[in-house]
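Peer 1: structure.tsv is the file, holding TSV, C-alpha atoms and all ligand atoms:
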```tsv
chain	number	residue	atom	x	y	z
A	167	MET	CA	-1.66	-24.97	22.60
A	168	LYS	CA	-4.38	-22.35	22.23
A	169	PRO	CA	-3.77	-19.22	20.18
A	170	SER	CA	-5.27	-16.02	21.56
A	171	GLU	CA	-8.88	-14.96	21.06
A	172	ARG	CA	-7.42	-11.87	19.46
A	173	LEU	CA	-5.95	-13.95	16.67
A	174	SER	CA	-9.22	-15.78	16.11
A	175	ARG	CA	-10.96	-12.43	15.43
A	176	LEU	CA	-9.12	-12.18	12.11
A	177	PRO	CA	-11.26	-12.98	9.07
A	178	PRO	CA	-10.60	-16.23	7.17
A	179	TYR	CA	-7.80	-16.09	4.65
A	180	LEU	CA	-9.57	-15.73	1.32
A	181	PHE	CA	-6.66	-16.72	-0.87
A	182	ALA	CA	-6.57	-20.21	0.69
A	183	GLU	CA	-8.86	-21.91	-1.84
A	184	LEU	CA	-7.17	-20.15	-4.77
A	185	GLU	CA	-3.76	-21.19	-3.46
A	186	ARG	CA	-4.93	-24.80	-3.27
A	187	ARG	CA	-6.06	-24.65	-6.92
A	188	ILE	CA	-2.78	-23.04	-7.99
A	189	ALA	CA	-0.81	-25.81	-6.27
A	190	GLU	CA	-3.00	-28.41	-8.03
A	191	LYS	CA	-2.38	-26.80	-11.43
A	192	LYS	CA	1.35	-26.64	-10.87
A	193	ALA	CA	1.42	-30.26	-9.76
A	194	ALA	CA	-0.39	-31.12	-13.02
A	195	GLY	CA	2.44	-29.44	-14.95
A	196	VAL	CA	0.67	-26.17	-15.87
A	197	ASP	CA	3.00	-23.18	-16.28
A	198	VAL	CA	1.03	-20.90	-13.96
A	199	ILE	CA	1.57	-17.14	-14.37
A	200	SER	CA	0.70	-15.19	-11.23
A	201	LEU	CA	-0.64	-11.67	-11.61
A	202	GLY	CA	-1.68	-11.86	-7.98
A	203	ILE	CA	0.91	-10.19	-5.81
A	204	GLY	CA	2.12	-6.57	-6.08
A	205	ASP	CA	5.85	-7.04	-5.71
A	206	PRO	CA	8.06	-5.27	-8.27
A	207	ASP	CA	9.90	-7.71	-10.53
A	208	THR	CA	12.68	-5.20	-11.29
A	209	ALA	CA	15.82	-5.15	-9.11
A	210	THR	CA	16.58	-2.40	-6.62
A	211	PRO	CA	18.70	0.25	-8.41
A	212	GLU	CA	22.41	-0.56	-8.40
A	213	PHE	CA	23.44	2.71	-6.70
A	214	VAL	CA	21.23	1.82	-3.73
A	215	VAL	CA	22.73	-1.67	-3.49
A	216	GLU	CA	26.19	-0.14	-3.63
A	217	ALA	CA	25.28	2.34	-0.90
A	218	LEU	CA	24.17	-0.59	1.25
A	219	GLY	CA	27.45	-2.44	0.65
A	220	GLU	CA	29.47	0.63	1.54
A	221	ALA	CA	27.48	1.31	4.68
A	222	ALA	CA	27.48	-2.36	5.74
A	223	ARG	CA	31.29	-2.42	5.60
A	224	ASP	CA	31.38	0.30	8.27
A	225	PRO	CA	31.24	-1.44	11.68
A	226	GLY	CA	29.61	1.74	12.98
A	227	THR	CA	26.35	0.50	11.42
A	228	HIS	CA	26.47	-2.94	13.05
A	229	ARG	CA	25.06	-2.22	16.49
A	230	TYR	CA	21.49	-1.79	17.68
A	231	PRO	CA	19.94	1.09	15.80
A	232	SER	CA	17.76	3.54	17.71
A	233	ASN	CA	14.08	3.82	16.89
A	234	ARG	CA	14.57	7.48	16.12
A	235	GLY	CA	16.64	6.47	13.13
A	236	ARG	CA	19.82	7.93	11.70
A	237	PRO	CA	19.71	11.70	11.13
A	238	GLU	CA	20.94	11.03	7.56
A	239	LEU	CA	17.71	9.16	6.75
A	240	ARG	CA	15.38	11.59	8.53
A	241	GLU	CA	17.08	14.51	6.80
A	242	ALA	CA	16.85	12.79	3.40
A	243	VAL	CA	13.12	12.22	3.96
A	244	ALA	CA	12.73	15.91	4.88
A	245	ARG	CA	14.61	16.98	1.73
A	246	PHE	CA	12.49	14.63	-0.39
A	247	TYR	CA	9.21	15.95	1.06
A	248	GLY	CA	10.38	19.52	0.53
A	249	ARG	CA	11.41	18.90	-3.09
A	250	ARG	CA	8.57	16.62	-4.10
A	251	PHE	CA	5.58	18.02	-2.20
A	252	GLY	CA	6.72	21.45	-1.00
A	253	ILE	CA	6.20	20.34	2.61
A	254	GLU	CA	8.50	21.33	5.42
A	255	LEU	CA	9.12	18.61	8.00
A	256	ASP	CA	11.26	18.76	11.14
A	257	PRO	CA	13.59	15.74	10.90
A	258	ASP	CA	13.84	15.58	14.71
A	259	THR	CA	10.16	15.51	15.61
A	260	GLU	CA	8.09	14.88	12.49
A	261	ILE	CA	9.83	11.92	10.83
A	262	LEU	CA	10.44	8.38	12.05
A	263	PRO	CA	11.74	5.41	10.04
A	264	ALA	CA	9.32	2.47	9.77
A	265	LEU	CA	10.08	-1.15	8.86
A	266	GLY	CA	7.83	-0.89	5.83
A	267	ALA	CA	4.44	0.82	5.64
A	268	LYS	CA	2.86	-2.42	6.84
A	269	GLU	CA	4.66	-2.33	10.19
A	270	CYS	CA	3.74	1.31	10.67
A	271	VAL	CA	0.07	0.89	9.75
A	272	PHE	CA	-0.26	-2.12	12.02
A	273	ASN	CA	1.50	-0.60	15.01
A	274	LEU	CA	-0.50	2.64	14.81
A	275	ASN	CA	-3.49	0.55	15.87
A	276	LEU	CA	-1.68	-0.48	19.05
A	277	ALA	CA	-0.56	3.09	19.66
A	278	PHE	CA	-3.98	4.71	19.23
A	279	LEU	CA	-6.79	2.23	19.82
A	280	ASP	CA	-8.32	0.89	23.01
A	281	PRO	CA	-11.03	-1.76	23.19
A	282	GLY	CA	-14.29	-0.19	22.03
A	283	ASP	CA	-12.54	2.35	19.81
A	284	ALA	CA	-12.98	2.28	16.06
A	285	ALA	CA	-10.70	2.66	13.05
A	286	LEU	CA	-12.28	3.79	9.80
A	287	ALA	CA	-11.07	1.57	7.00
A	288	ALA	CA	-11.86	1.45	3.31
A	289	ASP	CA	-13.84	-1.45	1.85
A	290	PRO	CA	-12.31	-2.73	-0.38
A	291	GLY	CA	-8.94	-1.95	1.15
A	292	TYR	CA	-5.49	-3.13	2.13
A	293	PRO	CA	-6.24	-5.89	4.68
A	294	VAL	CA	-4.03	-4.46	7.46
A	295	TYR	CA	-6.50	-1.54	7.92
A	296	THR	CA	-9.06	-4.05	9.19
A	297	GLY	CA	-6.83	-6.80	10.65
A	298	GLY	CA	-4.81	-4.25	12.66
A	299	PRO	CA	-7.75	-2.83	14.63
A	300	LEU	CA	-9.03	-6.36	15.34
A	301	LEU	CA	-5.65	-7.38	16.74
A	302	ALA	CA	-5.70	-4.22	18.87
A	303	GLU	CA	-9.09	-5.43	20.22
A	304	ALA	CA	-10.83	-2.47	18.62
A	305	ASP	CA	-13.29	-2.39	15.74
A	306	PRO	CA	-12.72	-1.66	12.09
A	307	VAL	CA	-15.65	0.39	10.72
A	308	LEU	CA	-15.87	-0.01	6.99
A	309	MET	CA	-16.15	2.89	4.57
A	310	ARG	CA	-17.45	1.64	1.25
A	311	LEU	CA	-15.50	2.71	-1.86
A	312	LEU	CA	-17.77	2.85	-4.89
A	313	PRO	CA	-16.70	3.35	-8.52
A	314	GLU	CA	-19.48	5.94	-9.04
A	315	HIS	CA	-17.90	8.07	-6.27
A	316	GLY	CA	-14.37	7.76	-7.66
A	317	PHE	CA	-13.65	5.20	-4.93
A	318	ALA	CA	-13.84	7.93	-2.28
A	319	PRO	CA	-15.42	7.07	1.08
A	320	ASP	CA	-18.54	9.03	2.02
A	321	LEU	CA	-17.58	10.47	5.40
A	322	ASP	CA	-21.11	11.81	5.92
A	323	ALA	CA	-22.41	8.25	5.83
A	324	ILE	CA	-20.46	7.27	8.97
A	325	SER	CA	-22.95	7.01	11.85
A	326	PRO	CA	-22.68	9.52	14.72
A	327	GLY	CA	-21.82	6.65	17.10
A	328	ASP	CA	-19.00	5.34	14.92
A	329	SER	CA	-17.74	8.87	14.23
A	330	ALA	CA	-17.55	9.56	17.97
A	331	ARG	CA	-15.39	6.48	18.66
A	332	ALA	CA	-13.23	6.75	15.52
A	333	ARG	CA	-9.68	7.31	16.76
A	334	LEU	CA	-8.10	6.44	13.40
A	335	MET	CA	-9.07	6.93	9.77
A	336	TYR	CA	-7.08	5.13	7.08
A	337	LEU	CA	-6.87	6.66	3.63
A	338	ASN	CA	-4.71	5.45	0.75
A	339	TYR	CA	-4.33	7.23	-2.61
A	340	PRO	CA	-3.28	6.21	-5.19
A	341	ASN	CA	-5.33	3.32	-3.91
A	342	ASN	CA	-4.79	-0.39	-3.55
A	343	PRO	CA	-6.75	-2.29	-4.81
A	344	THR	CA	-8.85	0.09	-6.95
A	345	GLY	CA	-6.06	2.09	-8.61
A	346	ALA	CA	-8.06	5.28	-7.89
A	347	VAL	CA	-6.24	8.55	-7.31
A	348	ALA	CA	-7.05	11.05	-4.54
A	349	PRO	CA	-10.66	12.10	-5.07
A	350	HIS	CA	-11.31	15.84	-5.28
A	351	GLY	CA	-11.85	17.40	-1.84
A	352	LEU	CA	-11.51	14.14	0.11
A	353	PHE	CA	-8.41	15.16	2.05
A	354	GLU	CA	-10.08	18.45	3.06
A	355	ARG	CA	-13.19	16.58	4.21
A	356	ALA	CA	-10.98	14.18	6.18
A	357	VAL	CA	-9.27	17.08	7.97
A	358	ARG	CA	-12.68	18.53	8.92
A	359	PHE	CA	-13.90	15.14	10.15
A	360	ALA	CA	-10.71	14.59	12.16
A	361	ARG	CA	-10.99	17.99	13.87
A	362	GLU	CA	-14.61	17.40	14.74
A	363	HIS	CA	-14.16	13.87	16.12
A	364	ASP	CA	-10.57	13.92	17.41
A	365	THR	CA	-9.51	11.28	14.88
A	366	LEU	CA	-5.97	10.72	13.63
A	367	VAL	CA	-5.92	10.53	9.83
A	368	VAL	CA	-3.35	8.07	8.54
A	369	HIS	CA	-2.64	8.49	4.86
A	370	ASP	CA	-0.88	5.48	3.39
A	371	ALA	CA	1.24	6.97	0.61
A	372	SER	CA	2.67	3.67	-0.62
A	373	TYR	CA	1.88	4.51	-4.26
A	374	THR	CA	2.32	8.29	-4.58
A	375	GLU	CA	5.41	7.83	-6.76
A	376	THR	CA	3.81	5.37	-9.19
A	377	THR	CA	1.57	7.46	-11.44
A	378	PHE	CA	0.79	7.71	-15.15
A	379	ASP	CA	-0.29	10.05	-17.93
A	380	GLY	CA	1.26	13.12	-16.28
A	381	TYR	CA	-0.74	12.72	-13.08
A	382	VAL	CA	1.26	13.80	-10.00
A	383	ALA	CA	-0.09	12.44	-6.71
A	384	PRO	CA	-0.34	14.85	-3.80
A	385	SER	CA	0.75	14.20	-0.24
A	386	PHE	CA	-2.08	14.34	2.32
A	387	LEU	CA	0.13	16.78	4.23
A	388	GLU	CA	-0.32	19.36	1.45
A	389	THR	CA	-3.90	19.80	2.69
A	390	PRO	CA	-4.33	22.82	4.98
A	391	GLY	CA	-4.52	21.64	8.60
A	392	ALA	CA	-3.40	18.09	7.76
A	393	LYS	CA	-0.37	18.14	10.02
A	394	GLU	CA	-2.57	19.05	13.02
A	395	VAL	CA	-4.65	15.92	12.61
A	396	GLY	CA	-2.69	13.45	10.56
A	397	VAL	CA	0.34	11.54	9.49
A	398	GLU	CA	1.47	10.02	6.25
A	399	VAL	CA	3.22	6.71	5.78
A	400	PHE	CA	5.68	6.95	2.91
A	401	SER	CA	7.26	3.75	1.61
A	402	LEU	CA	10.17	3.09	-0.70
A	403	SER	CA	8.87	-0.42	-1.41
A	404	LYS	CA	6.99	0.09	-4.66
A	405	GLY	CA	8.47	3.27	-6.12
A	406	TYR	CA	12.10	2.24	-5.64
A	407	ASN	CA	11.76	-1.57	-6.03
A	408	MET	CA	12.68	-2.08	-2.39
A	409	THR	CA	9.91	-4.30	-0.99
A	410	GLY	CA	12.41	-6.68	0.62
A	411	TRP	CA	14.34	-3.91	2.33
A	412	ARG	CA	11.48	-2.86	4.66
A	413	THR	CA	12.02	0.86	4.29
A	414	ALA	CA	9.38	3.47	5.00
A	415	ALA	CA	8.86	6.49	7.20
A	416	MET	CA	6.01	7.93	9.18
A	417	VAL	CA	5.86	11.70	8.80
A	418	GLY	CA	3.60	14.48	10.03
A	419	ASN	CA	1.99	15.27	13.38
A	420	ALA	CA	4.76	15.38	16.00
A	421	ALA	CA	2.63	14.03	18.88
A	422	ALA	CA	1.59	11.04	16.75
A	423	VAL	CA	5.18	10.44	15.67
A	424	GLU	CA	6.23	10.46	19.33
A	425	ALA	CA	3.47	8.02	20.35
A	426	TYR	CA	4.52	5.68	17.54
A	427	ARG	CA	8.17	5.94	18.64
A	428	ALA	CA	7.26	5.20	22.27
A	429	LEU	CA	5.35	2.11	21.15
A	430	LYS	CA	8.13	0.91	18.86
A	431	THR	CA	10.78	1.06	21.58
A	432	ASN	CA	8.83	-1.84	23.12
A	433	ILE	CA	8.48	-3.84	19.92
A	434	ASP	CA	11.47	-3.57	17.60
A	435	SER	CA	14.93	-2.12	17.65
A	436	GLY	CA	14.79	-0.07	14.52
A	437	MET	CA	16.04	-0.43	10.98
A	438	PHE	CA	19.55	-1.76	10.20
A	439	GLU	CA	21.59	1.42	9.94
A	440	ALA	CA	23.22	0.39	6.67
A	441	VAL	CA	19.73	0.02	5.18
A	442	GLN	CA	18.84	3.46	6.54
A	443	LEU	CA	21.87	4.99	4.82
A	444	ALA	CA	21.05	3.22	1.55
A	445	ALA	CA	17.44	4.41	1.77
A	446	ALA	CA	18.69	7.95	2.32
A	447	ARG	CA	20.80	7.63	-0.85
A	448	ALA	CA	17.77	6.31	-2.77
A	449	LEU	CA	15.72	9.34	-1.72
A	450	ASP	CA	18.47	11.87	-2.35
A	451	GLU	CA	19.67	10.56	-5.69
A	452	GLY	CA	16.82	8.46	-7.05
A	453	ASP	CA	14.14	10.87	-8.24
A	454	GLU	CA	14.26	9.35	-11.71
A	455	VAL	CA	13.73	5.76	-10.41
A	456	PRO	CA	9.98	5.95	-9.71
A	457	ARG	CA	9.52	7.95	-12.95
A	458	ARG	CA	11.22	5.20	-14.96
A	459	MET	CA	9.23	2.50	-13.19
A	460	SER	CA	5.99	4.42	-13.75
A	461	ASP	CA	6.72	4.51	-17.49
A	462	LEU	CA	7.20	0.75	-17.46
A	463	TYR	CA	3.96	0.13	-15.54
A	464	ALA	CA	2.06	2.53	-17.81
A	465	ARG	CA	3.11	0.42	-20.82
A	466	ARG	CA	2.09	-2.77	-19.06
A	467	ARG	CA	-1.20	-1.19	-17.96
A	468	ASP	CA	-2.06	-0.40	-21.59
A	469	LEU	CA	-1.18	-3.92	-22.68
A	470	VAL	CA	-3.46	-5.43	-20.03
A	471	CYS	CA	-6.34	-2.96	-20.56
A	472	ASP	CA	-6.34	-3.72	-24.32
A	473	ALA	CA	-6.39	-7.45	-23.67
A	474	LEU	CA	-9.19	-7.12	-21.12
A	475	ALA	CA	-11.27	-5.15	-23.62
A	476	GLN	CA	-10.80	-8.00	-26.10
A	477	ILE	CA	-12.20	-10.52	-23.63
A	478	GLY	CA	-15.17	-8.27	-22.87
A	479	VAL	CA	-13.91	-6.70	-19.63
A	480	GLN	CA	-14.06	-2.88	-19.76
A	481	VAL	CA	-11.85	-0.98	-17.34
A	482	THR	CA	-10.90	2.65	-16.89
A	483	PRO	CA	-7.10	2.67	-17.11
A	484	PRO	CA	-5.81	3.70	-13.65
A	485	LYS	CA	-3.67	6.82	-13.23
A	486	GLY	CA	-1.56	5.23	-10.51
A	487	THR	CA	-0.48	2.11	-8.57
A	488	ILE	CA	0.66	-1.20	-9.98
A	489	TYR	CA	-2.83	-2.66	-10.25
A	490	ILE	CA	-5.78	-2.93	-12.58
A	491	TRP	CA	-9.14	-3.25	-10.85
A	492	ALA	CA	-11.71	-4.74	-13.15
A	493	PRO	CA	-15.35	-5.86	-12.90
A	494	VAL	CA	-16.01	-9.57	-13.36
A	495	PRO	CA	-18.31	-10.44	-16.25
A	496	ASP	CA	-22.04	-10.90	-15.53
A	497	GLY	CA	-22.99	-14.17	-13.93
A	498	HIS	CA	-19.74	-14.52	-12.01
A	499	THR	CA	-18.60	-13.85	-8.47
A	500	SER	CA	-15.04	-12.65	-7.88
A	501	ALA	CA	-14.03	-16.14	-6.77
A	502	SER	CA	-15.76	-18.00	-9.61
A	503	TYR	CA	-14.22	-15.72	-12.25
A	504	CYS	CA	-10.71	-16.03	-10.80
A	505	GLU	CA	-11.13	-19.80	-10.79
A	506	LEU	CA	-12.32	-19.73	-14.40
A	507	VAL	CA	-9.34	-17.61	-15.46
A	508	LEU	CA	-6.97	-20.00	-13.71
A	509	GLU	CA	-8.72	-23.04	-15.14
A	510	GLU	CA	-8.86	-21.79	-18.72
A	511	SER	CA	-5.57	-19.93	-19.01
A	512	GLY	CA	-3.29	-20.86	-16.10
A	513	VAL	CA	-3.23	-17.19	-15.09
A	514	VAL	CA	-3.74	-16.13	-11.47
A	515	VAL	CA	-5.65	-12.92	-10.75
A	516	SER	CA	-6.82	-11.84	-7.28
A	517	PRO	CA	-10.49	-11.99	-6.30
A	518	GLY	CA	-11.74	-8.54	-5.28
A	519	SER	CA	-13.51	-10.11	-2.31
A	520	ALA	CA	-10.10	-10.73	-0.71
A	521	TYR	CA	-9.98	-6.96	-0.06
A	522	GLY	CA	-13.35	-6.85	1.73
A	523	ARG	CA	-16.99	-7.41	0.92
A	524	GLY	CA	-16.98	-4.21	-1.14
A	525	GLY	CA	-14.51	-5.84	-3.51
A	526	GLU	CA	-17.02	-8.52	-4.52
A	527	GLY	CA	-17.71	-8.32	-8.25
A	528	PHE	CA	-14.15	-7.23	-9.09
A	529	PHE	CA	-10.76	-8.80	-9.66
A	530	ARG	CA	-7.28	-7.32	-9.42
A	531	ILE	CA	-4.36	-7.73	-11.77
A	532	SER	CA	-0.86	-6.80	-10.65
A	533	LEU	CA	1.55	-5.38	-13.24
A	534	THR	CA	4.68	-6.62	-11.49
A	535	VAL	CA	5.67	-9.49	-13.75
A	536	PRO	CA	8.33	-9.29	-16.44
A	537	ASP	CA	7.12	-8.01	-19.83
A	538	GLU	CA	7.44	-11.38	-21.60
A	539	ARG	CA	5.42	-13.16	-18.90
A	540	LEU	CA	2.79	-10.44	-18.91
A	541	SER	CA	2.49	-10.64	-22.71
A	542	GLU	CA	2.18	-14.40	-22.46
A	543	ALA	CA	-0.52	-14.06	-19.78
A	544	VAL	CA	-2.39	-11.56	-21.92
A	545	GLU	CA	-2.18	-13.85	-24.98
A	546	ARG	CA	-3.54	-16.73	-22.94
A	547	LEU	CA	-6.45	-14.62	-21.69
A	548	ARG	CA	-7.25	-13.59	-25.26
A	549	ALA	CA	-6.99	-17.13	-26.59
A	550	SER	CA	-8.98	-18.86	-23.86
A	551	LEU	CA	-11.55	-16.25	-22.86
A	552	GLY	CA	-11.77	-14.01	-25.91
A	553	GLY	CA	-15.03	-13.53	-27.89
A	601	LIG	C1	-1.77	0.11	0.44
A	601	LIG	C2	-0.54	-0.59	0.88
A	601	LIG	N1	0.05	-0.21	2.01
A	601	LIG	C3	1.16	-0.81	2.46
A	601	LIG	C4	1.73	-1.86	1.76
A	601	LIG	C5	2.97	-2.50	2.31
A	601	LIG	O1	4.07	-1.71	2.01
A	601	LIG	P1	5.48	-1.94	2.66
A	601	LIG	O2	6.24	-2.85	1.77
A	601	LIG	O3	6.09	-0.57	2.75
A	601	LIG	O4	5.27	-2.55	4.02
A	601	LIG	C6	1.16	-2.31	0.59
A	601	LIG	C7	1.73	-3.44	-0.15
A	601	LIG	O5	1.19	-4.01	-1.04
A	601	LIG	C8	-0.01	-1.65	0.13
A	601	LIG	O6	-0.61	-2.03	-0.99
```
Step by step, read the file and then write its structure as structure tokens.

Peer 2:
Amino acid sequence: MKPSERLSRLPPYLFAELERRIAEKKAAGVDVISLGIGDPDTATPEFVVEALGEAARDPGTHRYPSNRGRPELREAVARFYGRRFGIELDPDTEILPALGAKECVFNLNLAFLDPGDAALAADPGYPVYTGGPLLAEADPVLMRLLPEHGFAPDLDAISPGDSARARLMYLNYPNNPTGAVAPHGLFERAVRFAREHDTLVVHDASYTETTFDGYVAPSFLETPGAKEVGVEVFSLSKGYNMTGWRTAAMVGNAAAVEAYRALKTNIDSGMFEAVQLAAARALDEGDEVPRRMSDLYARRRDLVCDALAQIGVQVTPPKGTIYIWAPVPDGHTSASYCELVLEESGVVVSPGSAYGRGGEGFFRISLTVPDERLSEAVERLRASLGG
């Protein structure tokens, strides 16, 4: 059996070696604490679970959904965008449910890229921005994110050839993995670039609701002209503790929404309608949920930043996301430092290089473990790696 060439274009899986070491440690009886994956440890709010139960008991939700989605969900998304960002969206033409931001981001590559086309993707960045174009037989073109530029890509540094074939540009703020928030003027520059080169800007808004210290993240669609050239992928996964539910929506440019819908009718049959109704309830009645979660993550962020300072790792506390992005100490690579941390303390942190070559020299800590486990992890780091 021979898997496709397409599949073999994907880069090697960088967590493989770390996973082998974790398995070894566990087999040796070490109580390993993983700060690797960003998956909220807190349950989905009870009122959302109840809404699901109610909706699931109605046989009217049991049949094939349509890819357009229930009007109740599209209208709830429109109300949310109006209330939260002051953006008006037409629920019929500018909103489509997605089975998580991941599904949407991946499928946009199939909807918009042909062989030879390029997708502009951040380095470091969420791996689907580079894996997706490769699976669509197109080329990811990397935009380096540097700390000295606030982790904003330099759009002027993209070569004329790559600019001309760039059909997609992925942006993501607040940003995974760097924790950076939307850099000043970047969205405006992206709109200008997109107009000039006929590029669709895709803003992944997975973390807009998880912010700290009074910072309020904007939607890309607030930028003048954004709806002419772009879409935003909004997810309930992180803000509402709903990663397992696969609930997101693509919103914005109507022609792009229609292309995505046309593609999806060939791939999936939409989101379980009971889940759609529960997601609508979360959006309509849950404004305080992401606020409460942000307060929790802000406390955890401070705990981790203090501990890192004590082991000689200086970080700027992020204003959003559920991650801390930190430089590895001198003399280490991302991989060697993550191995050292695991070896010395039984704590798993992610090597920055897993998010692209530009992530080399950094490691990522996720704040999604219960407080007691996080405190324990922090104590172990202090004890084993401290001064
Ligand atoms: C930047 C980014 N986009 C998308 C996702 C996936 O989100 P979803 O659960 O909505 O598919 C993640 C998950 O970690 C992410 O970090």

Peer 1: Residues within 7 Å of ligand LIG 601 (chain A) should be enumerated using all atoms listed in the file and returned as a VMD selection string.

Peer 2: chain A and resid 204 265 to 269 292 338 341 to 342 370 372 401 to 403 409 412 to 414

Peer 1: Grab the residues selected above and save them as a PDB file, in the frame of the given file with C-alpha atoms.

Peer 2:
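As a result, again25.pdb now contains:
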```pdb
ATOM      1  CA  GLY A 204       2.120  -6.570  -6.080  1.00  0.00           C
ATOM      2  CA  LEU A 265      10.080  -1.150   8.860  1.00  0.00           C
ATOM      3  CA  GLY A 266       7.830  -0.890   5.830  1.00  0.00           C
ATOM      4  CA  ALA A 267       4.440   0.820   5.640  1.00  0.00           C
ATOM      5  CA  LYS A 268       2.860  -2.420   6.840  1.00  0.00           C
ATOM      6  CA  GLU A 269       4.660  -2.330  10.190  1.00  0.00           C
ATOM      7  CA  TYR A 292      -5.490  -3.130   2.130  1.00  0.00           C
ATOM      8  CA  ASN A 338      -4.710   5.450   0.750  1.00  0.00           C
ATOM      9  CA  ASN A 341      -5.330   3.320  -3.910  1.00  0.00           C
ATOM     10  CA  ASN A 342      -4.790  -0.390  -3.550  1.00  0.00           C
ATOM     11  CA  ASP A 370      -0.880   5.480   3.390  1.00  0.00           C
ATOM     12  CA  SER A 372       2.670   3.670  -0.620  1.00  0.00           C
ATOM     13  CA  SER A 401       7.260   3.750   1.610  1.00  0.00           C
ATOM     14  CA  LEU A 402      10.170   3.090  -0.700  1.00  0.00           C
ATOM     15  CA  SER A 403       8.870  -0.420  -1.410  1.00  0.00           C
ATOM     16  CA  THR A 409       9.910  -4.300  -0.990  1.00  0.00           C
ATOM     17  CA  ARG A 412      11.480  -2.860   4.660  1.00  0.00           C
ATOM     18  CA  THR A 413      12.020   0.860   4.290  1.00  0.00           C
ATOM     19  CA  ALA A 414       9.380   3.470   5.000  1.00  0.00           C
TER      20      ALA A 414
END
```

Peer 1: What are the nearest atom pairs, with distances in Å to one decimal, for all residues of region 175-215 of chain A that come at most 8 Å from region 442-460 of chain A, using only C-alpha atoms, set out by chain and rising residue number as CSV?

Peer 2:
```
residue,atom,partner,partner_atom,distance
A:Pro211,CA,A:Val455,CA,7.7
A:Phe213,CA,A:Ala448,CA,7.8
A:Val214,CA,A:Ala444,CA,5.5
A:Val215,CA,A:Ala444,CA,7.2
```

Peer 1: Using all atoms listed in the file, which residues sit within 7 Å of Tyr336 (chain A) once same-chain residues fewer than 2 positions away are excluded, as a PDB file with C-alpha atoms, keeping the file's coordinate frame?

Peer 2:
```
ATOM      1  CA  LEU A 286     -12.280   3.790   9.800  1.00  0.00           C
ATOM      2  CA  ALA A 287     -11.070   1.570   7.000  1.00  0.00           C
ATOM      3  CA  TYR A 295      -6.500  -1.540   7.920  1.00  0.00           C
ATOM      4  CA  LEU A 334      -8.100   6.440  13.400  1.00  0.00           C
ATOM      5  CA  ASN A 338      -4.710   5.450   0.750  1.00  0.00           C
ATOM      6  CA  VAL A 367      -5.920  10.530   9.830  1.00  0.00           C
ATOM      7  CA  VAL A 368      -3.350   8.070   8.540  1.00  0.00           C
ATOM      8  CA  HIS A 369      -2.640   8.490   4.860  1.00  0.00           C
TER       9      HIS A 369
END
```

Peer 1: Between A:Met309, A:Ala464, A:Ala371, A:Val514, which residue has the minimum interatomic distance to Val271 (chain A), considering only C-alpha atoms?

Peer 2: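 For Val271 (chain A), the nearest of the given residues is A:Ala371.
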
Peer 1: From the options A:Ala475, A:Arg187, A:Tyr230, A:Pro536, which residue's atoms come nearest to Ser435 (chain A), counting all atoms listed in the file?

Peer 2: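 Ranked by minimum distance to Ser435 (chain A), first place goes to A:Tyr230.
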
Peer 1: Measuring atom to atom with all atoms listed in the file, identify which of A:Glu354, A:Arg229, A:Pro178, A:Ala440 is nearest to Ala217 (chain A).

Peer 2: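 The shortest atom-to-atom distance to Ala217 (chain A) comes from A:Ala440.
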
Peer 1: Work out how far CA of Tyr489 (chain A) is from CA of Cys504 (chain A), in Å to one decimal.

Peer 2: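 CA of Cys504 (chain A) sits 15.5 Å away from CA of Tyr489 (chain A).
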